[in-house]
Structures are given as structure tokens and as C-alpha cells.
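Dropping run-v9.txt in here (compact mmCIF, N, CA and C atoms):
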```
# COMPACT_ATOMS: atom_id res chain seq x y z
N GLU D 1 6.40 -3.68 5.78
CA GLU D 1 5.57 -4.79 6.16
C GLU D 1 6.10 -6.03 5.47
N THR D 2 6.23 -7.10 6.23
CA THR D 2 6.63 -8.38 5.65
C THR D 2 5.47 -9.33 5.79
N ILE D 3 5.64 -10.53 5.29
CA ILE D 3 4.58 -11.52 5.36
C ILE D 3 4.19 -11.78 6.81
N ASP D 4 5.16 -11.77 7.71
CA ASP D 4 4.85 -12.14 9.08
C ASP D 4 5.07 -11.06 10.13
N ASN D 5 5.37 -9.83 9.72
CA ASN D 5 5.60 -8.79 10.73
C ASN D 5 5.60 -7.41 10.09
N ILE D 6 5.56 -6.39 10.93
CA ILE D 6 5.70 -5.00 10.48
C ILE D 6 6.91 -4.43 11.19
N PHE D 7 7.80 -3.81 10.43
CA PHE D 7 9.00 -3.20 10.99
C PHE D 7 8.97 -1.71 10.73
N ILE D 8 9.39 -0.93 11.70
CA ILE D 8 9.42 0.52 11.54
C ILE D 8 10.85 0.99 11.71
N GLY D 9 11.34 1.73 10.73
CA GLY D 9 12.67 2.31 10.82
C GLY D 9 12.56 3.81 10.69
N LYS D 10 13.36 4.55 11.43
CA LYS D 10 13.33 6.01 11.36
C LYS D 10 14.73 6.50 11.07
N ILE D 11 14.81 7.59 10.30
CA ILE D 11 16.12 8.21 10.12
C ILE D 11 16.06 9.62 10.65
N HIS D 12 16.45 9.81 11.83
CA HIS D 12 16.78 11.09 12.45
C HIS D 12 15.85 12.26 12.13
N GLY D 13 14.59 12.06 11.97
CA GLY D 13 13.63 13.16 11.87
C GLY D 13 13.92 14.20 10.82
N GLU D 14 14.20 15.41 11.23
CA GLU D 14 14.29 16.55 10.33
C GLU D 14 15.71 16.90 9.88
N ILE D 15 16.66 16.01 10.04
CA ILE D 15 18.04 16.30 9.63
C ILE D 15 18.14 16.28 8.10
N THR D 16 18.90 17.17 7.53
CA THR D 16 19.11 17.23 6.08
C THR D 16 20.31 16.36 5.71
N TYR D 17 20.14 15.56 4.66
CA TYR D 17 21.19 14.68 4.19
C TYR D 17 21.68 15.11 2.82
N THR D 18 22.94 14.83 2.53
CA THR D 18 23.46 15.09 1.19
C THR D 18 22.95 14.00 0.26
N LYS D 19 23.02 14.26 -1.05
CA LYS D 19 22.59 13.26 -2.03
C LYS D 19 23.40 11.98 -1.86
N LYS D 20 24.68 12.10 -1.62
CA LYS D 20 25.54 10.92 -1.45
C LYS D 20 25.09 10.10 -0.24
N GLN D 21 24.75 10.77 0.86
CA GLN D 21 24.29 10.06 2.05
C GLN D 21 22.95 9.35 1.79
N LEU D 22 22.04 10.05 1.09
CA LEU D 22 20.74 9.44 0.79
C LEU D 22 20.91 8.24 -0.15
N ASP D 23 21.74 8.37 -1.17
CA ASP D 23 21.98 7.26 -2.09
C ASP D 23 22.54 6.05 -1.36
N ALA D 24 23.45 6.29 -0.42
CA ALA D 24 24.03 5.20 0.37
C ALA D 24 22.94 4.55 1.23
N PHE D 25 22.06 5.36 1.80
CA PHE D 25 20.96 4.83 2.60
C PHE D 25 20.04 3.97 1.74
N TYR D 26 19.65 4.47 0.57
CA TYR D 26 18.76 3.72 -0.32
C TYR D 26 19.39 2.39 -0.73
N LEU D 27 20.67 2.42 -1.07
CA LEU D 27 21.36 1.21 -1.49
C LEU D 27 21.35 0.18 -0.35
N ASP D 28 21.66 0.62 0.85
CA ASP D 28 21.65 -0.27 2.01
C ASP D 28 20.24 -0.81 2.26
N MET D 29 19.23 0.07 2.17
CA MET D 29 17.86 -0.35 2.39
C MET D 29 17.43 -1.37 1.33
N MET D 30 17.83 -1.13 0.07
CA MET D 30 17.49 -2.07 -1.00
C MET D 30 18.05 -3.45 -0.73
N GLN D 31 19.30 -3.51 -0.28
CA GLN D 31 19.92 -4.80 -0.01
C GLN D 31 19.20 -5.52 1.12
N GLN D 32 18.80 -4.79 2.13
CA GLN D 32 18.10 -5.40 3.27
C GLN D 32 16.68 -5.85 2.91
N LEU D 33 16.05 -5.15 1.98
CA LEU D 33 14.65 -5.41 1.68
C LEU D 33 14.43 -6.22 0.41
N SER D 34 15.48 -6.77 -0.16
CA SER D 34 15.36 -7.41 -1.46
C SER D 34 14.67 -8.77 -1.41
N ASN D 35 14.52 -9.37 -0.25
CA ASN D 35 13.87 -10.68 -0.22
C ASN D 35 12.37 -10.55 -0.48
N GLU D 36 11.78 -11.62 -0.95
CA GLU D 36 10.37 -11.60 -1.36
C GLU D 36 9.40 -11.54 -0.18
N LYS D 37 9.89 -11.67 1.05
CA LYS D 37 8.99 -11.58 2.20
C LYS D 37 8.49 -10.16 2.41
N VAL D 38 9.21 -9.17 1.89
CA VAL D 38 8.78 -7.79 2.05
C VAL D 38 7.62 -7.54 1.10
N VAL D 39 6.48 -7.19 1.64
CA VAL D 39 5.27 -6.99 0.85
C VAL D 39 5.08 -5.52 0.51
N LYS D 40 5.32 -4.65 1.49
CA LYS D 40 5.07 -3.23 1.27
C LYS D 40 6.09 -2.41 2.04
N ILE D 41 6.51 -1.31 1.43
CA ILE D 41 7.39 -0.35 2.10
C ILE D 41 6.67 0.99 2.07
N SER D 42 6.57 1.66 3.20
CA SER D 42 6.05 3.02 3.26
C SER D 42 7.21 3.94 3.57
N TYR D 43 7.37 4.97 2.75
CA TYR D 43 8.50 5.89 2.89
C TYR D 43 7.96 7.30 3.09
N PHE D 44 8.30 7.91 4.22
CA PHE D 44 7.86 9.26 4.55
C PHE D 44 9.07 10.18 4.50
N PRO D 45 9.25 10.92 3.41
CA PRO D 45 10.39 11.84 3.35
C PRO D 45 10.21 12.99 4.34
N PRO D 46 11.30 13.68 4.67
CA PRO D 46 11.17 14.84 5.58
C PRO D 46 10.14 15.84 5.04
N LYS D 47 9.47 16.53 5.95
CA LYS D 47 8.43 17.49 5.56
C LYS D 47 8.97 18.48 4.53
N GLY D 48 8.14 18.76 3.54
CA GLY D 48 8.50 19.77 2.54
C GLY D 48 9.45 19.27 1.47
N THR D 49 9.77 17.98 1.46
CA THR D 49 10.67 17.45 0.42
C THR D 49 9.94 16.39 -0.38
N LYS D 50 10.38 16.20 -1.56
CA LYS D 50 9.84 15.15 -2.43
C LYS D 50 11.04 14.57 -3.16
N ASP D 51 11.15 13.27 -3.20
CA ASP D 51 12.32 12.64 -3.81
C ASP D 51 11.90 11.89 -5.06
N ASP D 52 12.05 12.52 -6.23
CA ASP D 52 11.65 11.89 -7.48
C ASP D 52 12.60 10.78 -7.91
N ASN D 53 13.80 10.72 -7.32
CA ASN D 53 14.75 9.68 -7.68
C ASN D 53 14.46 8.35 -7.02
N ILE D 54 13.62 8.34 -6.01
CA ILE D 54 13.39 7.10 -5.27
C ILE D 54 12.82 6.01 -6.17
N SER D 55 11.98 6.35 -7.14
CA SER D 55 11.41 5.33 -8.03
C SER D 55 12.47 4.73 -8.95
N LYS D 56 13.51 5.47 -9.25
CA LYS D 56 14.60 4.92 -10.07
C LYS D 56 15.45 3.97 -9.24
N ILE D 57 15.63 4.29 -7.98
CA ILE D 57 16.47 3.47 -7.12
C ILE D 57 15.76 2.17 -6.77
N PHE D 58 14.47 2.25 -6.43
CA PHE D 58 13.70 1.06 -6.08
C PHE D 58 12.84 0.66 -7.27
N ASN D 59 13.47 0.33 -8.39
CA ASN D 59 12.72 0.08 -9.62
C ASN D 59 12.06 -1.29 -9.67
N GLN D 60 12.29 -2.15 -8.69
CA GLN D 60 11.62 -3.45 -8.68
C GLN D 60 10.25 -3.36 -8.01
N TYR D 61 9.85 -2.14 -7.64
CA TYR D 61 8.57 -1.95 -6.95
C TYR D 61 7.60 -1.14 -7.80
N ASP D 62 6.32 -1.41 -7.59
CA ASP D 62 5.26 -0.54 -8.10
C ASP D 62 5.04 0.51 -7.03
N TRP D 63 4.55 1.69 -7.45
CA TRP D 63 4.45 2.84 -6.55
C TRP D 63 3.05 3.36 -6.38
N VAL D 64 2.73 3.76 -5.17
CA VAL D 64 1.57 4.60 -4.90
C VAL D 64 2.14 5.85 -4.26
N VAL D 65 1.87 7.00 -4.84
CA VAL D 65 2.44 8.25 -4.35
C VAL D 65 1.34 9.08 -3.71
N TYR D 66 1.57 9.45 -2.46
CA TYR D 66 0.65 10.30 -1.71
C TYR D 66 1.30 11.67 -1.53
N PRO D 67 0.53 12.66 -1.10
CA PRO D 67 1.15 13.97 -0.85
C PRO D 67 2.23 13.92 0.23
N HIS D 68 2.12 13.01 1.19
CA HIS D 68 3.03 12.98 2.32
C HIS D 68 3.96 11.76 2.36
N CYS D 69 3.75 10.76 1.48
CA CYS D 69 4.60 9.57 1.54
C CYS D 69 4.50 8.78 0.24
N TYR D 70 5.32 7.73 0.18
CA TYR D 70 5.30 6.79 -0.93
C TYR D 70 5.02 5.41 -0.36
N GLU D 71 4.32 4.56 -1.12
CA GLU D 71 4.20 3.16 -0.76
C GLU D 71 4.71 2.34 -1.92
N LEU D 72 5.52 1.34 -1.62
CA LEU D 72 6.13 0.50 -2.64
C LEU D 72 5.66 -0.93 -2.46
N TYR D 73 5.35 -1.59 -3.57
CA TYR D 73 4.97 -2.99 -3.57
C TYR D 73 5.84 -3.70 -4.60
N HIS D 74 6.23 -4.95 -4.34
CA HIS D 74 6.94 -5.70 -5.37
C HIS D 74 6.06 -5.71 -6.61
N LYS D 75 6.70 -5.56 -7.78
CA LYS D 75 5.94 -5.47 -9.03
C LYS D 75 4.97 -6.64 -9.16
N GLY D 76 3.73 -6.31 -9.48
CA GLY D 76 2.71 -7.32 -9.67
C GLY D 76 2.16 -7.93 -8.40
N LYS D 77 2.59 -7.43 -7.24
CA LYS D 77 2.12 -8.00 -5.96
C LYS D 77 1.51 -6.90 -5.12
N ASN D 78 0.29 -6.55 -5.46
CA ASN D 78 -0.42 -5.56 -4.67
C ASN D 78 -1.67 -6.20 -4.08
N LYS D 79 -2.48 -5.42 -3.42
CA LYS D 79 -3.67 -5.97 -2.77
C LYS D 79 -4.63 -6.60 -3.79
N GLY D 80 -4.73 -6.01 -4.96
CA GLY D 80 -5.61 -6.56 -6.00
C GLY D 80 -5.12 -7.90 -6.52
N SER D 81 -3.81 -8.05 -6.66
CA SER D 81 -3.29 -9.30 -7.19
C SER D 81 -3.50 -10.47 -6.23
N ILE D 82 -3.63 -10.17 -4.93
CA ILE D 82 -3.90 -11.23 -3.96
C ILE D 82 -5.26 -11.89 -4.25
N ILE D 83 -6.26 -11.09 -4.57
CA ILE D 83 -7.58 -11.64 -4.90
C ILE D 83 -7.47 -12.50 -6.15
N GLU D 84 -6.76 -12.01 -7.14
CA GLU D 84 -6.59 -12.76 -8.39
C GLU D 84 -5.90 -14.11 -8.13
N ILE D 85 -4.88 -14.09 -7.27
CA ILE D 85 -4.18 -15.34 -6.92
C ILE D 85 -5.14 -16.31 -6.24
N PHE D 86 -5.95 -15.84 -5.29
CA PHE D 86 -6.93 -16.70 -4.63
C PHE D 86 -7.92 -17.27 -5.63
N ARG D 87 -8.45 -16.41 -6.50
CA ARG D 87 -9.43 -16.88 -7.50
C ARG D 87 -8.84 -18.00 -8.35
N ASN D 88 -7.63 -17.79 -8.85
CA ASN D 88 -7.00 -18.77 -9.73
C ASN D 88 -6.59 -20.04 -9.00
N THR D 89 -6.02 -19.89 -7.83
CA THR D 89 -5.53 -21.05 -7.08
C THR D 89 -6.67 -21.95 -6.62
N PHE D 90 -7.72 -21.35 -6.11
CA PHE D 90 -8.81 -22.14 -5.52
C PHE D 90 -10.05 -22.20 -6.41
N LYS D 91 -9.92 -21.73 -7.66
CA LYS D 91 -11.03 -21.78 -8.63
C LYS D 91 -12.30 -21.14 -8.05
N ILE D 92 -12.13 -19.97 -7.45
CA ILE D 92 -13.24 -19.26 -6.81
C ILE D 92 -13.93 -18.38 -7.85
N LYS D 93 -15.24 -18.46 -7.89
CA LYS D 93 -16.01 -17.64 -8.82
C LYS D 93 -16.32 -16.28 -8.21
N ASP D 94 -16.99 -15.45 -8.98
CA ASP D 94 -17.35 -14.12 -8.52
C ASP D 94 -18.31 -14.19 -7.32
N GLY D 95 -18.41 -13.08 -6.61
CA GLY D 95 -19.36 -12.96 -5.53
C GLY D 95 -18.84 -13.34 -4.17
N VAL D 96 -17.53 -13.44 -4.02
CA VAL D 96 -16.96 -13.93 -2.77
C VAL D 96 -16.14 -12.88 -2.03
N PHE D 97 -15.45 -12.02 -2.72
CA PHE D 97 -14.47 -11.13 -2.09
C PHE D 97 -15.04 -9.75 -1.78
N VAL D 98 -14.84 -9.33 -0.53
CA VAL D 98 -15.22 -7.99 -0.09
C VAL D 98 -13.95 -7.28 0.32
N ALA D 99 -13.73 -6.10 -0.23
CA ALA D 99 -12.55 -5.29 0.09
C ALA D 99 -12.98 -4.08 0.90
N PHE D 100 -12.26 -3.81 1.98
CA PHE D 100 -12.48 -2.62 2.79
C PHE D 100 -11.23 -1.77 2.63
N GLY D 101 -11.39 -0.47 2.39
CA GLY D 101 -10.22 0.37 2.22
C GLY D 101 -10.46 1.82 2.53
N ASP D 102 -9.32 2.53 2.70
CA ASP D 102 -9.44 3.95 3.06
C ASP D 102 -8.40 4.83 2.37
N SER D 103 -7.64 4.29 1.40
CA SER D 103 -6.66 5.14 0.74
C SER D 103 -6.38 4.65 -0.68
N GLU D 104 -5.59 5.43 -1.41
CA GLU D 104 -5.31 5.15 -2.81
C GLU D 104 -4.67 3.78 -3.05
N ASN D 105 -3.97 3.25 -2.05
CA ASN D 105 -3.35 1.95 -2.26
C ASN D 105 -4.38 0.81 -2.31
N ASP D 106 -5.64 1.13 -2.12
CA ASP D 106 -6.71 0.13 -2.19
C ASP D 106 -7.41 0.11 -3.55
N LEU D 107 -7.00 0.93 -4.49
CA LEU D 107 -7.68 1.01 -5.79
C LEU D 107 -7.69 -0.34 -6.51
N ASP D 108 -6.53 -1.01 -6.64
CA ASP D 108 -6.48 -2.31 -7.31
C ASP D 108 -7.29 -3.35 -6.55
N PHE D 109 -7.26 -3.26 -5.23
CA PHE D 109 -8.04 -4.13 -4.36
C PHE D 109 -9.53 -4.00 -4.70
N PHE D 110 -10.01 -2.77 -4.79
CA PHE D 110 -11.42 -2.50 -5.10
C PHE D 110 -11.79 -3.01 -6.49
N LYS D 111 -10.89 -2.85 -7.45
CA LYS D 111 -11.18 -3.27 -8.83
C LYS D 111 -11.32 -4.79 -8.93
N GLN D 112 -10.62 -5.54 -8.11
CA GLN D 112 -10.67 -7.00 -8.16
C GLN D 112 -11.77 -7.60 -7.29
N ALA D 113 -12.19 -6.87 -6.26
CA ALA D 113 -13.19 -7.40 -5.32
C ALA D 113 -14.58 -7.38 -5.94
N ASP D 114 -15.45 -8.24 -5.43
CA ASP D 114 -16.83 -8.27 -5.88
C ASP D 114 -17.66 -7.18 -5.22
N VAL D 115 -17.33 -6.88 -3.98
CA VAL D 115 -17.95 -5.78 -3.23
C VAL D 115 -16.83 -4.97 -2.62
N SER D 116 -16.90 -3.66 -2.73
CA SER D 116 -15.84 -2.82 -2.16
C SER D 116 -16.47 -1.76 -1.25
N VAL D 117 -15.85 -1.57 -0.10
CA VAL D 117 -16.37 -0.66 0.91
C VAL D 117 -15.32 0.40 1.21
N ALA D 118 -15.66 1.65 0.92
CA ALA D 118 -14.77 2.77 1.25
C ALA D 118 -15.12 3.26 2.65
N MET D 119 -14.11 3.44 3.46
CA MET D 119 -14.34 3.99 4.79
C MET D 119 -14.77 5.45 4.68
N ARG D 120 -15.40 5.94 5.70
CA ARG D 120 -15.95 7.30 5.69
C ARG D 120 -14.90 8.35 5.35
N HIS D 121 -13.67 8.18 5.83
CA HIS D 121 -12.61 9.17 5.62
C HIS D 121 -11.79 8.91 4.35
N ALA D 122 -12.20 7.96 3.53
CA ALA D 122 -11.46 7.64 2.29
C ALA D 122 -11.52 8.80 1.30
N PRO D 123 -10.51 8.90 0.42
CA PRO D 123 -10.56 9.96 -0.60
C PRO D 123 -11.68 9.70 -1.61
N ASP D 124 -12.14 10.76 -2.26
CA ASP D 124 -13.24 10.64 -3.23
C ASP D 124 -12.93 9.65 -4.34
N LEU D 125 -11.68 9.57 -4.76
CA LEU D 125 -11.29 8.63 -5.81
C LEU D 125 -11.69 7.21 -5.44
N LEU D 126 -11.48 6.83 -4.20
CA LEU D 126 -11.84 5.49 -3.72
C LEU D 126 -13.34 5.36 -3.53
N LYS D 127 -13.96 6.39 -2.98
CA LYS D 127 -15.41 6.36 -2.76
C LYS D 127 -16.16 6.20 -4.08
N ASN D 128 -15.67 6.85 -5.14
CA ASN D 128 -16.31 6.76 -6.44
C ASN D 128 -16.25 5.35 -7.03
N LEU D 129 -15.26 4.59 -6.64
CA LEU D 129 -15.08 3.23 -7.15
C LEU D 129 -15.81 2.20 -6.27
N ALA D 130 -16.16 2.59 -5.05
CA ALA D 130 -16.72 1.66 -4.07
C ALA D 130 -18.16 1.26 -4.39
N THR D 131 -18.50 0.04 -3.99
CA THR D 131 -19.87 -0.44 -4.05
C THR D 131 -20.69 0.20 -2.93
N PHE D 132 -20.03 0.43 -1.80
CA PHE D 132 -20.68 0.95 -0.61
C PHE D 132 -19.71 1.89 0.09
N THR D 133 -20.19 3.01 0.59
CA THR D 133 -19.36 3.93 1.36
C THR D 133 -19.91 4.04 2.77
N ALA D 134 -19.05 3.78 3.73
CA ALA D 134 -19.44 3.83 5.14
C ALA D 134 -19.77 5.27 5.53
N THR D 135 -20.76 5.41 6.39
CA THR D 135 -21.14 6.75 6.88
C THR D 135 -20.73 6.95 8.33
N THR D 136 -20.20 5.90 8.95
CA THR D 136 -19.75 5.97 10.34
C THR D 136 -18.28 5.51 10.39
N PRO D 137 -17.59 5.70 11.52
CA PRO D 137 -16.23 5.21 11.64
C PRO D 137 -16.14 3.68 11.68
N ASN D 138 -17.28 3.00 11.81
CA ASN D 138 -17.31 1.53 11.91
C ASN D 138 -17.77 0.90 10.61
N GLY D 139 -17.01 1.13 9.53
CA GLY D 139 -17.42 0.69 8.20
C GLY D 139 -17.63 -0.79 8.04
N VAL D 140 -16.81 -1.62 8.68
CA VAL D 140 -16.96 -3.07 8.56
C VAL D 140 -18.28 -3.50 9.20
N ALA D 141 -18.52 -3.05 10.42
CA ALA D 141 -19.77 -3.40 11.13
C ALA D 141 -20.99 -2.84 10.37
N GLU D 142 -20.82 -1.66 9.81
CA GLU D 142 -21.92 -1.03 9.08
C GLU D 142 -22.34 -1.89 7.88
N LEU D 143 -21.36 -2.41 7.14
CA LEU D 143 -21.70 -3.25 5.99
C LEU D 143 -22.34 -4.56 6.44
N ILE D 144 -21.79 -5.18 7.47
CA ILE D 144 -22.37 -6.44 7.96
C ILE D 144 -23.82 -6.23 8.37
N TYR D 145 -24.08 -5.14 9.10
CA TYR D 145 -25.43 -4.82 9.52
C TYR D 145 -26.34 -4.63 8.29
N LYS D 146 -25.85 -3.95 7.29
CA LYS D 146 -26.63 -3.71 6.06
C LYS D 146 -26.94 -5.03 5.36
N LEU D 147 -25.98 -5.94 5.33
CA LEU D 147 -26.18 -7.22 4.65
C LEU D 147 -27.15 -8.14 5.41
N ILE D 148 -27.15 -8.03 6.74
CA ILE D 148 -28.04 -8.87 7.54
C ILE D 148 -29.43 -8.29 7.49
```

Let me see the file written as C-alpha cells.
Amino acid sequence: ETIDNIFIGKIHGEITYTKKQLDAFYLDMMQQLSNEKVVKISYFPPKGTKDDNISKIFNQYDWVVYPHCYELYHKGKNKGSIIEIFRNTFKIKDGVFVAFGDSENDLDFFKQADVSVAMRHAPDLLKNLATFTATTPNGVAELIYKLI
């Protein structure tokens, strides 16, 4: 995901690569993604594999690790830091920001927001941190209705 678009790249599905081939791919990907417009990278390794070296290769990113994928954010630039930037830039006080989320990458977002809403299918970790947990698939509408 970049500031102005979402790009999807695939590498040949279930084909097995040598370490040398993967390292070359990571290096090429790093060079292409090094500009600051890239906000988030989601990496889905082939089923049944886990690549512990990826965090060493992409060391300029903070990581959220899921059972099935990785998400990378430029260091210090996650969803939570966006709220902090808004607060500081526009001198906004508490009571303004509402965060809606459904996965672990929303944890910092929830910690910075004044009100946080976990979607019905969110993991318990997020639900435990939320101010409100949706009980229907329409979590945004549900909160608006509750507030009105």
C-alpha cells in the first residue's frame, strides 16, 4: 500500500525457491519499495513456510506477524502514529479520534484513539483493548446508531 494506491504482486504461487533466489527477490523488492510513499507491505509466504530472515532483510520496517502473513510498516509510521501526528500538528485534544479495526495491526491505532471499535470477527487481543465491540458485521453503523 502506498499513500495513493494499493499494488499487488505475486510470485508464482506454490513454487519452491532457493535461498539465493529469495535473497535476490528481497533485495530487488527492497530497492523498489525504499521510497517513503510505501506505507505498508503485506507478505504472504507459501503455505507451510515461515521466513525468520525477512525481518533482518527489511530492517527499516516495524513488523506485525500473523500466522499466515507478515505486515511491514516504516519504523515509527503505523496507524497509531498517524493519530499522534494529527494531534500534534493540529493541536487536537482528546475525545476526537475513533478507530475501527479487525486485526493485530490495529493495536497501536486502538491505543492512541479516544474510542476504539473492534469488529465482530476481530481477535480477542483487539476486543480486550476496544472501547466497544461490534456484534454485527456492520460495526461502523452499529457504533453510530449506539451514539445517536

One residue among D:Ile144, D:Ala24, D:Gly80, D:Cys69 is nearest to Ala113 (chain D) when using all atoms listed in the file, and that residue is D:Gly80

Mind listing whatever residues come within 6 Å of the point (-7.0, 7.1, 2.0)? Use only C-alpha atoms, file coordinates, and give them as a list of chain:residue names.
->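 Answer for this query, in the requested form: D:Asp102, D:Ser103, D:Glu104, D:Ala122, D:Pro123.
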
To box region 141-146 of chain D, take all atoms listed in the file, fit an axis-aligned box, add 4 Å on each side, and give centre and edge lengths in Å to one decimal, as AutoDock Vina command-line options.
```
--center_x -22.7 --center_y -3.7 --center_z 8.2 --size_x 16.4 --size_y 13.4 --size_z 13.8
```

Quick one: pull the distance between CA of Asp94 (chain D) and CA of Asp106 (chain D), Å, one decimal.
->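 Pair CA of Asp94 (chain D) / CA of Asp106 (chain D) returns 18.9 Å.
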
Could you check which of D:Tyr61, D:Tyr70, D:Phe25, D:Phe100 is closest to Tyr43 (chain D), using all atoms listed in the file?
->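 The closest residue to Tyr43 (chain D) is D:Tyr70.
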